[in-house]
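Trainee: What follows is a structure written as structure tokens; I'll ask about it next.
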Amino acid sequence: MTRNPAGKAFYPLEESVETNPVANVLPLLEQYGILTAWKAAGVHQRCELFVLLVRNLPERERRILKAASDLVLSDPEEVVDKLAELEQENRLLRELSLTDELTGLYNYRFFAKQLDVEMARTTRTGQACSLIMIDLDDFKQINDTFGHDEGNAFLVKVTKTLGERLRPTDIMCRYGGDEFAVIMPATDLLDAVRIAERLNVSVSRIPPKLDKPFSVSIGVAEYHPERSGGPDVNHLINLADKALYRAKERGKDGICYEGQLPDLDRTTSVSFDEKSALLGSRNDE
Amino acid sequence: MSSPLHTPHSSLTAIASGKGGVGKTFLTANLASSLVRTGKKVLVVDCDLGLANMDILLGISPTLTLQDVIFEQRDINEVIITTKAGFDLLPASSGVKEMGQLMYDKLQTIKETIHTVVPEYDHVLLDTGAGISEVVLQFNLFAPRNVIVLNKEPTSMTDAYAVIKVMHQRFQTRTFGIVVNSVGDENEAQKLFDHMDGVCKNFLQLPLHYLGHIVRHDAIPQSVVNQRILVQEAPDSVVGRNCQTIAAAISNWKN
């Protein structure tokens, strides 16, 4: 019998991920008359943690169980202590975690760290990086109308749509409830605004929940090592936030940016799709 | 005596590029010279306010410019000079970056002033400058036909497209002729044009006109450095013939 990996209460004795990890302990449980609980859990359900309370288990069976589990405890006192310990561990892991549970995106913790890294890189390479903040318009209303579960499902759908329109190097993070931040390494304000445009268009195609088209508001800011002064993470976040606020103020469903674009008309006039079409297969011949 | 400003005179042609440095001023001067060779009376107006350089290309240092007409109330006929290439030039002052913006307030005056001399010419070519500043757009709008110069550089393609899109969407301009510069041969130019034409048809439902191409040739930068008009110096060279073909296309261009 092999030792089970950490975090699993029981080790699957046969290498099958489809069956419940405790399936092989089944005969043992049968023997001690606690099969009812097992059946209720269902043979084909996968579980990460399965708690068995067994009284008066003979020593041999006890050893077998112990080998298959992290947690074979002798008395109820130990159970309480172990639970407290697990909870603490859990909290620490959650803090250390870099992704957001609901969306699978990077969380704020990672965002703050990574933005720092990207700005430092910018200083070294001399290439600008950009930050965009995205806020879902009227998401609260969606939540209020359809409830949190449906609201969350919608939120996940939106993040998926947004993610599909980003480049592999862009780093999308869940900044807050319905606010997202995208770090764009080696991207100047002009291109960041163009990508923001593309994102704005992509969400408008999502079937709306409310009786109006769904939209997002976007704020864009750039950090340029020569023009922006020192690499101040908070300053860049503030700029993007300020732009986002203006986009909201201006009636949502729009993009605002902080800073100077090389040519305002040019930026607002050529969409990303048009640019792609122009530059696409042109050199293929 | 001048025609109303909202019906631009048919002899006016605006030459724009979106991106700078794609050979717009070279083309304008050589087109003007080509038209002169066919017996036409031609005026070139340097509308690249703030970054005017037609005078430099022609190796002249005008004492008076369009700005003197606008701000100093000089007579436009005093300012227009006849160049060695046979066409007339209404030069502009260069070097003052803010001039572009300043001129915006005076656009109407500028247009009215230019209109007073338009009837004297068969062709008036407006060298409108790069970018899509409001001034450039307004000058492009001033003519019923817009020539867009581009080359195969990605920025040239996107910027040229930007000019076309903005003009089309904001002012419903429909008449764009394309000159493809710096190509190896006609085939390459045609492919580049087809691509741009396809994108414009696809996104703007707007077909473009192909006016011609200019091959990449050492004689071009040489002529610029020597401040000579290539068509005049070597009308039968490949580049010289390219320019004359484009000039003929513009002459025959029906809106």
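All residue names refer to the structure tokens as shown: chains lettered A, B, ... in order, residues numbered from 1 in each chain, ligands numbered from 1 in order.
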Set the cut-off to 10 Å and count only C-alpha atoms: what are the residues of chain B that reach chain A? Output as number ranges by chain.

Mentor: B: 18, 131-134, 152-155, 157-166, 169, 188, 191-192, 194-200, 202-203

Trainee: List the neighbours of Ala29 of chain B out to 10 Å using only C-alpha atoms; skip same-chain residues closer than 3 positions along the sequence, and give me the result as an MDAnalysis selection string.

Mentor: chainID B and resid 24:26 32:35 44 54 57:58 85 87 89 125 127 228:231 243

Trainee: What does the file look like for those residues with N, CA, C and O atoms, as a PDB file, in the first residue's frame?

Mentor:
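The new file selection-v8.pdb reads:
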```pdb
ATOM      1  N   LYS B  24       5.220  61.874 -49.945  1.00  0.00           N
ATOM      2  CA  LYS B  24       4.083  62.684 -50.376  1.00  0.00           C
ATOM      3  C   LYS B  24       4.526  63.969 -51.071  1.00  0.00           C
ATOM      4  O   LYS B  24       3.998  64.318 -52.137  1.00  0.00           O
ATOM      5  N   THR B  25       5.490  64.654 -50.474  1.00  0.00           N
ATOM      6  CA  THR B  25       5.928  65.921 -51.052  1.00  0.00           C
ATOM      7  C   THR B  25       6.659  65.682 -52.374  1.00  0.00           C
ATOM      8  O   THR B  25       6.455  66.406 -53.349  1.00  0.00           O
ATOM      9  N   PHE B  26       7.457  64.613 -52.416  1.00  0.00           N
ATOM     10  CA  PHE B  26       8.115  64.230 -53.666  1.00  0.00           C
ATOM     11  C   PHE B  26       7.071  63.992 -54.754  1.00  0.00           C
ATOM     12  O   PHE B  26       7.178  64.486 -55.866  1.00  0.00           O
ATOM     13  N   ALA B  32       2.923  67.655 -60.146  1.00  0.00           N
ATOM     14  CA  ALA B  32       2.722  69.014 -60.649  1.00  0.00           C
ATOM     15  C   ALA B  32       3.568  69.225 -61.911  1.00  0.00           C
ATOM     16  O   ALA B  32       3.081  69.721 -62.935  1.00  0.00           O
ATOM     17  N   SER B  33       4.809  68.784 -61.825  1.00  0.00           N
ATOM     18  CA  SER B  33       5.712  68.928 -62.964  1.00  0.00           C
ATOM     19  C   SER B  33       5.228  68.118 -64.168  1.00  0.00           C
ATOM     20  O   SER B  33       5.295  68.574 -65.311  1.00  0.00           O
ATOM     21  N   SER B  34       4.706  66.903 -63.881  1.00  0.00           N
ATOM     22  CA  SER B  34       4.167  66.057 -64.954  1.00  0.00           C
ATOM     23  C   SER B  34       2.994  66.730 -65.631  1.00  0.00           C
ATOM     24  O   SER B  34       2.859  66.699 -66.861  1.00  0.00           O
ATOM     25  N   LEU B  35       2.122  67.333 -64.835  1.00  0.00           N
ATOM     26  CA  LEU B  35       0.946  68.012 -65.387  1.00  0.00           C
ATOM     27  C   LEU B  35       1.373  69.209 -66.231  1.00  0.00           C
ATOM     28  O   LEU B  35       0.790  69.490 -67.282  1.00  0.00           O
ATOM     29  N   VAL B  44       0.591  74.465 -56.737  1.00  0.00           N
ATOM     30  CA  VAL B  44       0.746  73.588 -55.574  1.00  0.00           C
ATOM     31  C   VAL B  44       0.611  74.457 -54.329  1.00  0.00           C
ATOM     32  O   VAL B  44       1.267  75.494 -54.212  1.00  0.00           O
ATOM     33  N   MET B  54       7.867  71.928 -49.009  1.00  0.00           N
ATOM     34  CA  MET B  54       7.898  71.964 -50.465  1.00  0.00           C
ATOM     35  C   MET B  54       8.988  72.916 -50.952  1.00  0.00           C
ATOM     36  O   MET B  54       9.686  72.641 -51.933  1.00  0.00           O
ATOM     37  N   LEU B  57      12.274  71.161 -50.845  1.00  0.00           N
ATOM     38  CA  LEU B  57      12.389  70.195 -51.944  1.00  0.00           C
ATOM     39  C   LEU B  57      12.752  70.903 -53.249  1.00  0.00           C
ATOM     40  O   LEU B  57      13.462  70.366 -54.086  1.00  0.00           O
ATOM     41  N   LEU B  58      12.240  72.106 -53.411  1.00  0.00           N
ATOM     42  CA  LEU B  58      12.478  72.845 -54.651  1.00  0.00           C
ATOM     43  C   LEU B  58      13.722  73.725 -54.577  1.00  0.00           C
ATOM     44  O   LEU B  58      14.100  74.362 -55.552  1.00  0.00           O
ATOM     45  N   ALA B  85      10.341  74.317 -61.943  1.00  0.00           N
ATOM     46  CA  ALA B  85       9.710  73.138 -62.544  1.00  0.00           C
ATOM     47  C   ALA B  85       8.473  73.522 -63.350  1.00  0.00           C
ATOM     48  O   ALA B  85       7.797  72.666 -63.909  1.00  0.00           O
ATOM     49  N   PHE B  87       5.601  74.934 -62.355  1.00  0.00           N
ATOM     50  CA  PHE B  87       4.313  75.109 -61.671  1.00  0.00           C
ATOM     51  C   PHE B  87       4.424  76.223 -60.646  1.00  0.00           C
ATOM     52  O   PHE B  87       5.534  76.605 -60.246  1.00  0.00           O
ATOM     53  N   LEU B  89       3.722  77.885 -56.896  1.00  0.00           N
ATOM     54  CA  LEU B  89       3.711  77.384 -55.518  1.00  0.00           C
ATOM     55  C   LEU B  89       3.227  78.457 -54.572  1.00  0.00           C
ATOM     56  O   LEU B  89       3.674  79.603 -54.640  1.00  0.00           O
ATOM     57  N   LEU B 125      -3.009  71.418 -56.599  1.00  0.00           N
ATOM     58  CA  LEU B 125      -2.660  70.286 -55.746  1.00  0.00           C
ATOM     59  C   LEU B 125      -2.403  70.778 -54.327  1.00  0.00           C
ATOM     60  O   LEU B 125      -1.595  71.687 -54.121  1.00  0.00           O
ATOM     61  N   ASP B 127      -0.872  69.898 -50.862  1.00  0.00           N
ATOM     62  CA  ASP B 127      -0.012  68.987 -50.102  1.00  0.00           C
ATOM     63  C   ASP B 127      -0.448  69.138 -48.642  1.00  0.00           C
ATOM     64  O   ASP B 127      -0.089  70.103 -47.981  1.00  0.00           O
ATOM     65  N   ARG B 228      16.151  68.720 -56.893  1.00  0.00           N
ATOM     66  CA  ARG B 228      15.754  68.762 -58.298  1.00  0.00           C
ATOM     67  C   ARG B 228      14.453  67.976 -58.476  1.00  0.00           C
ATOM     68  O   ARG B 228      14.171  67.061 -57.720  1.00  0.00           O
ATOM     69  N   ILE B 229      13.700  68.364 -59.496  1.00  0.00           N
ATOM     70  CA  ILE B 229      12.459  67.656 -59.786  1.00  0.00           C
ATOM     71  C   ILE B 229      12.764  66.552 -60.785  1.00  0.00           C
ATOM     72  O   ILE B 229      13.153  66.818 -61.924  1.00  0.00           O
ATOM     73  N   LEU B 230      12.590  65.327 -60.357  1.00  0.00           N
ATOM     74  CA  LEU B 230      13.014  64.175 -61.142  1.00  0.00           C
ATOM     75  C   LEU B 230      12.330  64.098 -62.505  1.00  0.00           C
ATOM     76  O   LEU B 230      12.975  63.824 -63.514  1.00  0.00           O
ATOM     77  N   VAL B 231      11.032  64.368 -62.524  1.00  0.00           N
ATOM     78  CA  VAL B 231      10.284  64.296 -63.785  1.00  0.00           C
ATOM     79  C   VAL B 231      10.852  65.260 -64.817  1.00  0.00           C
ATOM     80  O   VAL B 231      10.902  64.973 -66.012  1.00  0.00           O
ATOM     81  N   CYS B 243       5.532  58.717 -62.455  1.00  0.00           N
ATOM     82  CA  CYS B 243       4.877  59.958 -62.022  1.00  0.00           C
ATOM     83  C   CYS B 243       3.917  60.471 -63.098  1.00  0.00           C
ATOM     84  O   CYS B 243       2.811  60.933 -62.789  1.00  0.00           O
TER      85      CYS B 243
END
```

Trainee: Find the distance between atom CA of Asn140 of chain B and atom CA of Val124 of chain B and write it in Å to one decimal.

Mentor: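 Atom-to-atom, atom CA of Asn140 of chain B to atom CA of Val124 of chain B, that is 12.5 Å.
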
Trainee: Taking into account only C-alpha atoms, which residue in the set B:Ile70, B:Val215, B:Leu27, B:Ile80 is nearest to Val45 of chain B?

Mentor: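 Smallest distance to Val45 of chain B is found for B:Ile80.
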
Trainee: Neighbouring residues of Pro91 of chain B were defined as those with any atom within 12 Å, considering only C-alpha atoms; residues of the same chain fewer than 6 positions away were excluded. Please report them as a ChimeraX atom specification.

Mentor: /B:43-58,60-69,76-83,114,126-127

Trainee: With a distance cut-off of 8 Å and only C-alpha atoms, select the neighbouring residues of Phe180 of chain A, excluding the residue or stretch itself and same-chain residues fewer than 6 positions from it, and output the selection as a VMD selection string.

Mentor: chain A and resid 133 to 135 172 to 174

Trainee: Residues within 9 Å of Leu105 of chain A, please, as a ChimeraX atom specification. Count only C-alpha atoms; anything in the same chain fewer than 3 positions from it doesn't count.

Mentor: /A:98-102,159,171-174

Trainee: Using backbone DSSP assignments, extract all strand (DSSP E or B) residues from segment 186-256 of chain A; output them as a list in words.

Mentor: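 Restricting segment 186-256 of chain A to strand (DSSP E or B) produces Val216, Ser217, Ile218, Gly219, Val220, Ala221, Glu222, Tyr223, Ile255 and Cys256 of chain A.
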
Trainee: With only C-alpha atoms as the counted atoms, please give the residues lying no more than 10 Å from Gly184 of chain B, apart from itself and same-chain residues fewer than 3 positions off, as a list of chain:residue names.

Mentor: B:Asn181, B:Asn187, B:Glu188, B:Ala189, B:His213, B:Ile214, B:Val215, B:Arg216, B:His217

Trainee: Would you work out the distance separating atom CA of Gln127 of chain A from atom CA of Gly20 of chain B, expressed in Å to one decimal?

Mentor: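 Atom-to-atom, atom CA of Gln127 of chain A to atom CA of Gly20 of chain B, that is 23.3 Å.
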
Trainee: What is the distance, in Å and to one decimal place, between atom CA of Thr245 of chain B and atom CA of Leu150 of chain B?

Mentor: 16.7 Å

Trainee: Just list the residues in segment 67-272 of chain A DSSP gives helix (DSSP H, G or I) on the backbone, as a PyMOL selection string.

Mentor: chain A and resi 67-68+76-96+108-125+139-164+189-204+233-249+264-269+272
